[in-house]
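Below: one structure, written as structure tokens.
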Amino acid sequence: MTTFSLRRFFLAVGLSAVSTISAAQDASTTSVWEVSKDSDTVYVGGTIHILPISEFPLPAAFTDTYEKSDTIVLEAELPDPTDIAAQQRMIEAMAYTGESNLKDKLSEETFNALNQYLGMFGANAEQLARFKPGLVATMLITMEAQRVNMAGEGVDAYFTQLAKRDNKPREYLETIDFQLNMLANMGVGEEERFISETLTTLPEFKEIMQGTISAWREGDSETIETLVIDTFKRESPSSFDDVFTKRNQNWLPQIEAMFGDDDSEFVLVGAGHLVGEGNVLELLKAKGYIVKQL
């Protein structure tokens, strides 16, 4: 069975994208924005949480902005893969309690389809039946990325490592426990829809993600909205507000607080948070900030 870690779990959730498009094909714009008010500027970049090594180097706008920024701001601190206590907290949070289990919440057809897919990896659905749909769906995405040789840590992890190397300060919009709780609730109450939609999407994973990463490189917000936001709404409509709308609103005052100081911040969040109705950039514009795509 494919091994799993808390770090990989956080990397897989959100905007997961892979591509075979050459990294040299940078467009004139990309998923980095300059947000300004008066004489102060904060940079906001949309990230890909899973990105194969073949997709590096990143678009120049990302690395150039990193170089001229004093601080990077990420969604949450990526957990250390050697943190056994954190791993245990994840397992406990993502498991059903009492006699509840995923098998009872899925149709026989969907459970059999899940079992058939996992069989390609020497696993079976019974092994995952005690876990909630958010974890199971994330494992499916991770396993499919590995199967098509497109797995890899993403933009967030890349800049985290750069900042550690350069001793550049890192700040966070959320705690790991907050994200863990959110992800533990993802798809709960709509397990059948969530798992069946995920399984249906997996055969198209590579093709869809090629389009997603191409759009990310070009800063094509409309396409990212279609491939990411619309897909999430279809797979887990009851979770959408918690994963996107409410978090965007929670981040707004934190980003606003970055203005008026001497630091230049580079905020890095999943690209799905920068597109669609109620996205972070839209909220900033509504507050009077000038937003310019780089």
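Residues are named by chain letter and number: chains run A, B, ... in the order of the structure tokens, numbers start at 1 in each chain, and ligands are numbered from 1 in the order shown.
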Near range 61-77 of chain A, 10 Å: range 155-219 of chain A residue rows, closest pairs, only C-alpha atoms, as JSON lines:
```
{"residue": "A:Val155", "atom": "CA", "partner": "A:Phe62", "partner_atom": "CA", "distance": 9.4}
{"residue": "A:Asp156", "atom": "CA", "partner": "A:Leu74", "partner_atom": "CA", "distance": 7.1}
{"residue": "A:Ala157", "atom": "CA", "partner": "A:Glu77", "partner_atom": "CA", "distance": 9.5}
{"residue": "A:Phe159", "atom": "CA", "partner": "A:Ile72", "partner_atom": "CA", "distance": 8.1}
{"residue": "A:Thr160", "atom": "CA", "partner": "A:Ile72", "partner_atom": "CA", "distance": 8.4}
{"residue": "A:Leu162", "atom": "CA", "partner": "A:Tyr66", "partner_atom": "CA", "distance": 9.2}
{"residue": "A:Ala163", "atom": "CA", "partner": "A:Ile72", "partner_atom": "CA", "distance": 7.7}
{"residue": "A:Asn167", "atom": "CA", "partner": "A:Thr71", "partner_atom": "CA", "distance": 9.9}
{"residue": "A:Lys168", "atom": "CA", "partner": "A:Thr71", "partner_atom": "CA", "distance": 6.1}
{"residue": "A:Pro169", "atom": "CA", "partner": "A:Thr71", "partner_atom": "CA", "distance": 5.0}
{"residue": "A:Arg170", "atom": "CA", "partner": "A:Ile72", "partner_atom": "CA", "distance": 5.1}
{"residue": "A:Glu171", "atom": "CA", "partner": "A:Val73", "partner_atom": "CA", "distance": 4.6}
{"residue": "A:Tyr172", "atom": "CA", "partner": "A:Leu74", "partner_atom": "CA", "distance": 4.9}
{"residue": "A:Leu173", "atom": "CA", "partner": "A:Glu75", "partner_atom": "CA", "distance": 5.0}
{"residue": "A:Glu174", "atom": "CA", "partner": "A:Ala76", "partner_atom": "CA", "distance": 5.0}
{"residue": "A:Thr175", "atom": "CA", "partner": "A:Ala76", "partner_atom": "CA", "distance": 5.5}
{"residue": "A:Ile176", "atom": "CA", "partner": "A:Ala76", "partner_atom": "CA", "distance": 5.9}
{"residue": "A:Asp177", "atom": "CA", "partner": "A:Ala76", "partner_atom": "CA", "distance": 9.3}
{"residue": "A:Phe178", "atom": "CA", "partner": "A:Ala76", "partner_atom": "CA", "distance": 8.9}
{"residue": "A:Gln179", "atom": "CA", "partner": "A:Ala76", "partner_atom": "CA", "distance": 7.8}
{"residue": "A:Arg217", "atom": "CA", "partner": "A:Ala61", "partner_atom": "CA", "distance": 9.9}
```
Members of range 91-251 of chain A assigned helix (DSSP H, G or I) by DSSP, as a PyMOL selection string:
chain A and resi 91-93+102-105+108-119+125-128+133-147+155-166+176-185+191-218+221-235+237-251
Would you please work out which residue, of A:Ser36, A:Asn149, A:Ser238, A:Asn124, is nearest to Glu265 in chain A when using only C-alpha atoms?
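Ranked by minimum distance to Glu265 in chain A, first place goes to A:Ser36.
Checking A:Trp251, A:Tyr289, A:Phe232, A:Phe266 one by one against Thr198 in chain A, counting only C-alpha atoms, you find the shortest gap at A:Phe232.
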Residues near Arg89 in chain A, cut-off 12 Å, only C-alpha atoms, skip fewer than 2 positions along chain, as JSON, numbers by chain:
{"A": [5, 6, 79, 83, 84, 85, 86, 87, 91, 92, 93, 94, 95, 176, 177, 180, 181, 184]}
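Reported to one decimal place, the separation of CA of Gly187 in chain A from CA of Pro133 in chain A is 5.6 Å.
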Sorted per-residue table, range 160-222 of chain A near range 40-60 of chain A, closest atoms and distance, 10 Å, only C-alpha atoms, as a tab-separated table:
```
residue	atom	partner	partner_atom	distance
A:Thr212	CA	A:Ile48	CA	9.5
A:Ile213	CA	A:Ile48	CA	7.9
A:Trp216	CA	A:Gly46	CA	7.8
A:Arg217	CA	A:Pro59	CA	6.7
A:Glu218	CA	A:Pro59	CA	9.0
A:Gly219	CA	A:Gly46	CA	8.8
```
Within 9 Å of Leu118 in chain A, counting only C-alpha atoms, which residues qualify if same-chain residues fewer than 6 places away don't, as a list of chain:residue names?
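The filter keeps A:Met1, A:Asn124, A:Ala125, A:Leu140, A:Met143.
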Saved selection, atoms kept: N, CA, C and O atoms, as a PDB file, in the first residue's frame:
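Produced file part_27.pdb, reproduced below:
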```pdb
ATOM      1  N   MET A   1       0.843  -1.200   0.000  1.00  0.00           N
ATOM      2  CA  MET A   1       0.000   0.000   0.000  1.00  0.00           C
ATOM      3  C   MET A   1       0.875   1.247   0.000  1.00  0.00           C
ATOM      4  O   MET A   1       1.911   1.287   0.648  1.00  0.00           O
ATOM      5  N   ASN A 124      -6.960  -2.165  -0.360  1.00  0.00           N
ATOM      6  CA  ASN A 124      -8.394  -2.392  -0.529  1.00  0.00           C
ATOM      7  C   ASN A 124      -9.192  -1.403   0.310  1.00  0.00           C
ATOM      8  O   ASN A 124      -8.668  -0.768   1.234  1.00  0.00           O
ATOM      9  N   ALA A 125     -10.453  -1.257  -0.031  1.00  0.00           N
ATOM     10  CA  ALA A 125     -11.301  -0.247   0.596  1.00  0.00           C
ATOM     11  C   ALA A 125     -11.556  -0.531   2.070  1.00  0.00           C
ATOM     12  O   ALA A 125     -11.778   0.399   2.853  1.00  0.00           O
ATOM     13  N   LEU A 140      -6.357   9.215  -2.591  1.00  0.00           N
ATOM     14  CA  LEU A 140      -6.607   8.857  -3.985  1.00  0.00           C
ATOM     15  C   LEU A 140      -5.867   9.812  -4.926  1.00  0.00           C
ATOM     16  O   LEU A 140      -5.247   9.382  -5.902  1.00  0.00           O
ATOM     17  N   MET A 143      -2.096   9.090  -4.698  1.00  0.00           N
ATOM     18  CA  MET A 143      -1.748   7.834  -5.363  1.00  0.00           C
ATOM     19  C   MET A 143      -1.813   7.971  -6.875  1.00  0.00           C
ATOM     20  O   MET A 143      -0.960   7.440  -7.600  1.00  0.00           O
TER      21      MET A 143
END
```
Grab the CA of Pro81 in chain A to CA of Ile141 in chain A distance for me, in Å with one decimal place.
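Between CA of Pro81 in chain A and CA of Ile141 in chain A the gap works out to 18.8 Å.
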9 Å contact set for Gly278 in chain A, only C-alpha atoms, chain neighbours under 2 positions out, as a PyMOL selection string
chain A and resi 244-245+248-249+273-276+280-283
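When CA of Glu197 in chain A is paired with CA of Leu102 in chain A, their separation reads 15.2 Å.
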